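Pasted below: run.tsv, TSV, C-alpha atoms.
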```
chain	number	residue	atom	x	y	z
A	1	MET	CA	-1.55	-19.50	-32.06
A	2	THR	CA	-2.09	-17.26	-29.06
A	3	GLY	CA	1.08	-16.23	-27.28
A	4	PRO	CA	1.64	-14.89	-23.76
A	5	GLU	CA	1.66	-11.34	-25.16
A	6	ASP	CA	-1.99	-11.75	-26.13
A	7	SER	CA	-3.11	-12.44	-22.57
A	8	PRO	CA	-4.92	-9.52	-20.93
A	9	SER	CA	-3.06	-7.57	-18.27
A	10	PHE	CA	-3.33	-4.17	-16.58
A	11	ARG	CA	-0.49	-1.78	-15.74
A	12	LEU	CA	-1.11	0.76	-13.01
A	13	ALA	CA	1.29	3.64	-12.40
A	14	TYR	CA	1.42	5.49	-9.08
A	15	VAL	CA	3.34	8.46	-7.77
A	16	PRO	CA	5.16	8.59	-4.41
A	17	GLY	CA	2.84	8.90	-1.43
A	18	VAL	CA	-0.07	7.04	-3.04
A	19	THR	CA	-0.80	3.59	-1.61
A	20	PRO	CA	-2.83	1.55	-4.14
A	21	THR	CA	-2.95	-1.60	-1.99
A	22	LYS	CA	-6.71	-1.54	-1.33
A	23	TRP	CA	-7.65	-1.13	-4.99
A	24	VAL	CA	-5.17	-3.79	-6.12
A	25	ARG	CA	-6.66	-6.26	-3.64
A	26	ILE	CA	-10.19	-5.66	-4.96
A	27	TRP	CA	-8.93	-6.04	-8.54
A	28	ASN	CA	-7.34	-9.41	-7.73
A	29	GLU	CA	-10.59	-10.58	-6.13
A	30	ARG	CA	-12.78	-9.53	-9.07
A	31	LEU	CA	-10.47	-10.24	-12.00
A	32	PRO	CA	-8.13	-13.02	-10.83
A	33	ASP	CA	-7.29	-13.98	-14.43
A	34	VAL	CA	-6.03	-10.49	-15.34
A	35	PRO	CA	-2.69	-9.74	-13.64
A	36	LEU	CA	-2.18	-6.18	-12.42
A	37	THR	CA	1.35	-4.79	-12.56
A	38	LEU	CA	2.31	-1.76	-10.46
A	39	VAL	CA	4.60	0.83	-12.04
A	40	ALA	CA	6.25	3.24	-9.59
A	41	VAL	CA	6.91	6.64	-11.20
A	42	SER	CA	7.87	10.11	-10.05
A	43	ALA	CA	5.27	12.86	-10.14
A	44	ALA	CA	7.16	14.55	-13.00
A	45	GLU	CA	7.30	11.49	-15.27
A	46	ALA	CA	3.81	10.08	-14.54
A	47	PHE	CA	2.07	11.80	-17.47
A	48	GLY	CA	4.76	10.79	-19.93
A	49	VAL	CA	4.35	7.17	-18.84
A	50	LEU	CA	0.60	7.34	-19.52
A	51	ARG	CA	1.00	9.06	-22.88
A	52	GLY	CA	3.71	6.65	-23.94
A	53	GLY	CA	1.56	3.60	-23.27
A	54	ASP	CA	3.79	2.26	-20.49
A	55	ALA	CA	0.78	2.18	-18.14
A	56	ASP	CA	-2.95	1.81	-18.74
A	57	ALA	CA	-3.89	4.19	-15.91
A	58	GLY	CA	-2.19	5.86	-13.00
A	59	PHE	CA	-2.58	7.64	-9.70
A	60	VAL	CA	-1.19	11.14	-10.25
A	61	ARG	CA	-1.23	14.54	-8.62
A	62	LEU	CA	-3.34	17.30	-10.11
A	63	PRO	CA	-3.37	19.36	-12.26
A	64	VAL	CA	-3.78	17.12	-15.33
A	65	ASP	CA	-3.66	18.31	-18.93
A	66	ARG	CA	-7.22	17.51	-20.07
A	67	ALA	CA	-6.33	17.88	-23.74
A	68	ASP	CA	-5.45	14.21	-24.02
A	69	LEU	CA	-5.80	12.77	-20.52
A	70	SER	CA	-8.91	11.99	-18.50
A	71	ALA	CA	-8.86	12.31	-14.72
A	72	ILE	CA	-11.09	11.54	-11.76
A	73	PRO	CA	-10.14	13.51	-8.60
A	74	LEU	CA	-10.09	11.15	-5.62
A	75	TYR	CA	-9.01	12.98	-2.48
A	76	THR	CA	-7.20	16.03	-1.14
A	77	GLU	CA	-4.23	15.72	1.20
A	78	THR	CA	-3.26	17.80	4.20
A	79	THR	CA	-0.06	19.79	3.72
A	80	VAL	CA	2.51	19.58	6.52
A	81	VAL	CA	5.90	20.97	7.42
A	82	VAL	CA	8.63	18.43	8.21
A	83	VAL	CA	10.98	19.51	11.01
A	84	PRO	CA	13.43	17.98	13.51
A	85	LYS	CA	11.73	16.69	16.65
A	86	ASP	CA	13.32	19.39	18.82
A	87	HIS	CA	12.22	22.25	16.54
A	88	LEU	CA	10.15	25.12	17.98
A	89	VAL	CA	7.35	24.33	15.52
A	90	THR	CA	6.56	21.15	17.44
A	91	ALA	CA	5.18	23.21	20.33
A	92	ALA	CA	2.05	23.94	18.25
A	93	ASP	CA	-0.57	21.55	16.86
A	94	GLU	CA	-0.77	23.57	13.63
A	95	VAL	CA	1.24	26.37	12.04
A	96	SER	CA	0.73	28.95	9.29
A	97	ALA	CA	2.98	29.99	6.43
A	98	GLU	CA	3.77	33.16	8.34
A	99	ASP	CA	5.16	31.07	11.21
A	100	LEU	CA	7.82	29.80	8.76
A	101	ALA	CA	8.92	33.27	7.64
A	102	ASP	CA	12.34	33.04	9.30
A	103	GLU	CA	12.98	29.43	8.27
A	104	ILE	CA	14.90	28.15	5.26
A	105	VAL	CA	12.17	26.27	3.43
A	106	LEU	CA	13.56	23.67	1.04
A	107	HIS	CA	12.00	23.49	-2.44
A	108	PRO	CA	12.86	20.18	-4.15
A	109	LEU	CA	12.67	19.91	-7.94
A	110	ASP	CA	9.90	17.31	-7.69
A	111	ASP	CA	7.69	19.52	-5.51
A	112	THR	CA	4.01	19.31	-6.55
A	113	LEU	CA	2.54	22.09	-4.38
A	114	ASP	CA	1.25	25.10	-6.32
A	115	TRP	CA	2.44	28.05	-4.24
A	116	GLU	CA	1.51	31.63	-5.12
A	117	HIS	CA	4.07	32.92	-2.63
A	118	ARG	CA	6.45	30.40	-1.10
A	119	PRO	CA	6.94	30.75	2.67
A	120	GLY	CA	10.26	31.31	4.42
A	121	ARG	CA	13.66	31.91	2.89
A	122	PRO	CA	14.92	29.90	-0.10
A	123	ALA	CA	17.97	27.64	0.19
A	124	ASN	CA	21.08	28.26	-1.91
A	125	GLU	CA	20.28	25.21	-4.04
A	126	ARG	CA	17.16	23.20	-4.71
A	127	PRO	CA	17.36	19.52	-3.72
A	128	ALA	CA	16.82	17.12	-6.62
A	129	THR	CA	14.14	15.10	-4.86
A	130	THR	CA	11.88	15.14	-1.81
A	131	ALA	CA	13.96	12.31	-0.36
A	132	ASP	CA	17.09	14.49	-0.63
A	133	ALA	CA	15.25	17.37	1.01
A	134	VAL	CA	14.25	15.16	3.95
A	135	GLU	CA	17.92	14.29	4.48
A	136	LEU	CA	18.76	18.00	4.58
A	137	VAL	CA	16.01	18.60	7.16
A	138	ALA	CA	17.54	15.86	9.32
A	139	ALA	CA	20.91	17.59	8.94
A	140	GLY	CA	19.43	20.87	10.23
A	141	VAL	CA	19.72	22.73	6.92
A	142	GLY	CA	16.06	23.78	6.72
A	143	VAL	CA	12.44	22.62	6.85
A	144	LEU	CA	10.26	21.05	4.16
A	145	VAL	CA	6.59	21.59	3.27
A	146	VAL	CA	5.01	18.57	1.54
A	147	PRO	CA	1.75	16.57	1.28
A	148	GLN	CA	1.27	14.48	4.43
A	149	SER	CA	1.62	11.18	2.55
A	150	LEU	CA	5.16	12.13	1.50
A	151	ALA	CA	6.04	13.01	5.08
A	152	ARG	CA	4.88	9.53	6.08
A	153	LEU	CA	6.67	7.89	3.17
A	154	HIS	CA	10.00	9.44	4.18
A	155	HIS	CA	9.44	9.05	7.92
A	156	ARG	CA	12.48	9.18	10.19
A	157	ARG	CA	12.63	8.77	13.94
A	158	ASP	CA	14.42	12.09	14.36
A	159	LEU	CA	11.83	14.05	12.36
A	160	THR	CA	8.17	14.93	12.81
A	161	TYR	CA	5.62	17.16	11.07
A	162	ARG	CA	2.79	19.60	11.73
A	163	PRO	CA	-0.12	20.72	9.49
A	164	VAL	CA	0.24	24.06	7.70
A	165	SER	CA	-3.19	25.69	7.80
A	166	ASP	CA	-2.91	28.06	4.82
A	167	ALA	CA	-0.67	26.04	2.49
A	168	PRO	CA	-1.94	24.85	-0.90
A	169	ALA	CA	-3.27	21.30	-0.81
A	170	SER	CA	-2.28	18.43	-3.07
A	171	ARG	CA	-5.03	16.48	-4.85
A	172	VAL	CA	-4.64	12.92	-6.05
A	173	ALA	CA	-6.49	11.66	-9.13
A	174	LEU	CA	-6.83	8.58	-11.30
A	175	SER	CA	-5.78	9.43	-14.85
A	176	TRP	CA	-5.58	7.63	-18.20
A	177	PRO	CA	-5.29	8.52	-21.91
A	178	GLN	CA	-8.64	9.66	-23.30
A	179	ASP	CA	-8.29	7.54	-26.44
A	180	GLU	CA	-7.46	4.41	-24.43
A	181	THR	CA	-10.53	4.02	-22.23
A	182	THR	CA	-10.57	0.24	-22.50
A	183	ASP	CA	-12.87	-2.23	-20.74
A	184	LEU	CA	-10.12	-2.90	-18.19
A	185	VAL	CA	-9.76	0.83	-17.52
A	186	GLU	CA	-13.53	0.98	-16.98
A	187	ASP	CA	-13.25	-1.96	-14.58
A	188	PHE	CA	-10.60	-0.15	-12.55
A	189	ILE	CA	-12.60	3.10	-12.55
A	190	GLY	CA	-15.51	1.13	-11.10
A	191	ILE	CA	-13.30	-0.26	-8.35
A	192	VAL	CA	-11.91	3.16	-7.45
A	193	ARG	CA	-15.39	4.66	-7.37
A	194	GLY	CA	-16.64	1.91	-5.09
A	195	ARG	CA	-19.00	0.21	-7.51
A	196	THR	CA	-20.09	-3.29	-6.63
A	197	VAL	CA	-19.75	-6.29	-8.94
A	198	ASN	CA	-23.45	-6.09	-9.82
A	199	SER	CA	-23.55	-2.36	-10.50
A	200	SER	CA	-24.65	-1.13	-13.93
A	201	ARG	CA	-21.09	-0.47	-15.11
A	202	GLY	CA	-19.46	-3.34	-13.28
A	203	ARG	CA	-18.28	-6.50	-14.97
A	204	ARG	CA	-21.20	-8.94	-14.92
A	205	PRO	CA	-20.85	-12.72	-15.03
A	206	ASP	CA	-21.98	-14.45	-18.23
A	207	PRO	CA	-25.52	-15.85	-18.15
A	208	ASP	CA	-25.94	-19.55	-17.48
A	209	PRO	CA	-25.86	-21.24	-20.91
A	210	ALA	CA	-28.03	-24.09	-19.57
A	211	GLN	CA	-30.83	-21.59	-18.85
A	212	PRO	CA	-31.93	-20.02	-22.16
A	213	LYS	CA	-33.64	-16.64	-22.11
A	214	GLY	CA	-37.40	-16.69	-21.77
A	215	LYS	CA	-37.47	-20.12	-20.08
A	216	ARG	CA	-37.35	-19.05	-16.48
A	217	GLY	CA	-41.01	-19.69	-15.85
A	218	GLU	CA	-40.87	-23.29	-17.09
A	219	THR	CA	-38.85	-24.76	-14.27
A	220	GLY	CA	-39.06	-24.25	-10.58
A	221	GLY	CA	-41.99	-21.85	-10.82
A	222	ALA	CA	-44.93	-22.14	-8.45
A	223	ARG	CA	-48.24	-23.10	-10.06
A	224	ARG	CA	-51.11	-20.67	-9.81
A	225	LYS	CA	-53.95	-21.63	-7.54
A	226	PRO	CA	-57.29	-21.90	-9.33
A	227	THR	CA	-59.65	-19.01	-8.79
A	228	ALA	CA	-62.55	-19.87	-6.52
A	229	GLY	CA	-65.58	-21.09	-8.45
A	230	LYS	CA	-63.66	-21.66	-11.68
A	231	PRO	CA	-62.43	-25.07	-12.83
A	232	SER	CA	-58.82	-25.49	-13.81
A	233	GLY	CA	-56.63	-28.18	-15.28
A	234	LYS	CA	-58.21	-31.54	-16.11
A	235	SER	CA	-61.36	-30.79	-14.14
A	236	ALA	CA	-62.38	-28.11	-16.62
A	237	GLY	CA	-65.62	-29.06	-18.50
A	238	LYS	CA	-66.58	-31.91	-16.11
A	239	PRO	CA	-69.93	-31.75	-14.35
A	240	SER	CA	-69.90	-31.01	-10.67
A	241	GLY	CA	-71.90	-33.03	-8.16
A	242	LYS	CA	-74.97	-30.71	-8.18
A	243	SER	CA	-76.20	-28.35	-10.86
A	244	PRO	CA	-78.48	-25.38	-10.56
A	245	ARG	CA	-81.99	-25.87	-11.98
A	246	GLY	CA	-82.39	-25.12	-15.62
A	247	GLY	CA	-78.71	-24.99	-16.61
A	248	GLY	CA	-75.22	-24.83	-15.27
A	249	SER	CA	-72.54	-27.33	-16.01
A	250	GLY	CA	-74.94	-30.29	-15.62
A	251	GLY	CA	-75.93	-30.01	-19.29
A	252	ALA	CA	-78.61	-32.49	-20.50
A	253	ARG	CA	-79.10	-34.17	-17.13
A	254	GLY	CA	-80.22	-30.93	-15.57
A	255	ALA	CA	-82.92	-30.57	-18.25
A	256	LYS	CA	-84.40	-34.02	-17.48
A	257	ARG	CA	-84.75	-33.28	-13.79
A	258	GLY	CA	-86.95	-30.23	-14.47
A	259	LYS	CA	-90.82	-30.20	-14.68
A	260	PRO	CA	-92.25	-31.93	-17.78
A	261	ARG	CA	-93.85	-29.59	-20.27
A	262	ARG	CA	-97.62	-29.83	-20.96
A	263	ARG	CA	-98.67	-31.01	-24.36
A	264	SER	CA	-100.91	-28.60	-26.18
```

Using structure tokens, write down the structure that the file contains.
Amino acid sequence: MTGPEDSPSFRLAYVPGVTPTKWVRIWNERLPDVPLTLVAVSAAEAFGVLRGGDADAGFVRLPVDRADLSAIPLYTETTVVVVPKDHLVTAADEVSAEDLADEIVLHPLDDTLDWEHRPGRPANERPATTADAVELVAAGVGVLVVPQSLARLHHRRDLTYRPVSDAPASRVALSWPQDETTDLVEDFIGIVRGRTVNSSRGRRPDPDPAQPKGKRGETGGARRKPTAGKPSGKSAGKPSGKSPRGGGSGGARGAKRGKPRRRS
């Protein structure tokens, strides 16, 4: 007997800042019988969730360990600095890392930016999370450099942000275990890549069982028109009204109408 655990389902992990709404909507339209469950994870624990089988695929931030995980890069985010609304940085449309040299730049433990040389001055302690760092920015302790989506996620009315022109960028990717590339994973890859339902790798509907293969021409097909001068159908082999002298389709009658032969 088939239990509820045997029913197909798809679990999709996503890190903070990623909004999977569009892809989930397309999934629900194309595969309404396969429920999709969202699994919110931190950037640090995302890969462990995939390896442990707690999600079939996930939106993560690069880099990805390609030894056992596959990944498709999707987009690159702008990096911004989060500051109080009355901060001097807000006078410019864009800043550089050098412009932050005199600032205390907070570095949360869940930071995903790959800095070669971090800008500004370090704080006495590292905040545990980006959310904690945002609270410290609001308290005037320092500023925070993050991907733009995280700045939007933790938006506050008393804070704003500006792009940092020379900061490392954060790239978002779809990742899944290499040994678990199931049909449902392939379906989701197709959705993320923008494939249509009828594309070569998309899920195709089953053929109509009432229409066996090789029978398309037997119903609903247009009949061919007979070629001019050639009989077709039931009229084939019947004599036409007039026959050319000495032959044609008139057969024996045409021979009688010709000139009688002389007897020797």

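With all atoms listed in the file as the atoms that count, the residue of A:Gly48, A:Pro35, A:Pro168, A:Pro8 with the shortest distance to A:His117 is A:Pro168.
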
Notebook entry, point to check: For A:Tyr161, which of A:Leu62, A:Ala97, A:Val141, A:Val82 is the closest residue, counting only C-alpha atoms?
Noted result: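 Distance minimum relative to A:Tyr161 lands on A:Val82.
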
Checklist line | Which of A:His87, A:His154, A:Arg11, A:Lys22 sits closest to A:Gly140 [using only C-alpha atoms] | finding: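 When distances to A:Gly140 are compared using only C-alpha atoms, the smallest one comes from A:His87.
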
Item checked: For atom CA of A:Val89 and atom CA of A:Pro127, the interatomic separation in Å (one decimal) ->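 Here the two named atoms are 22.2 Å from each other.
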
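Straight-line separation from atom CA of A:Asp56 to atom CA of A:Ala40: 13.1 Å.
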
Notebook entry, point to check: Can you tell me, as a PyMOL selection string, what residues are no more than 12 Å from A:Phe188 when counting only C-alpha atoms, ignoring any on the same chain fewer than 2 positions away?
Noted result: chain A and resi 10-12+20+22-28+30-31+34+36+56-59+72+174-176+181-186+190-197+201-203
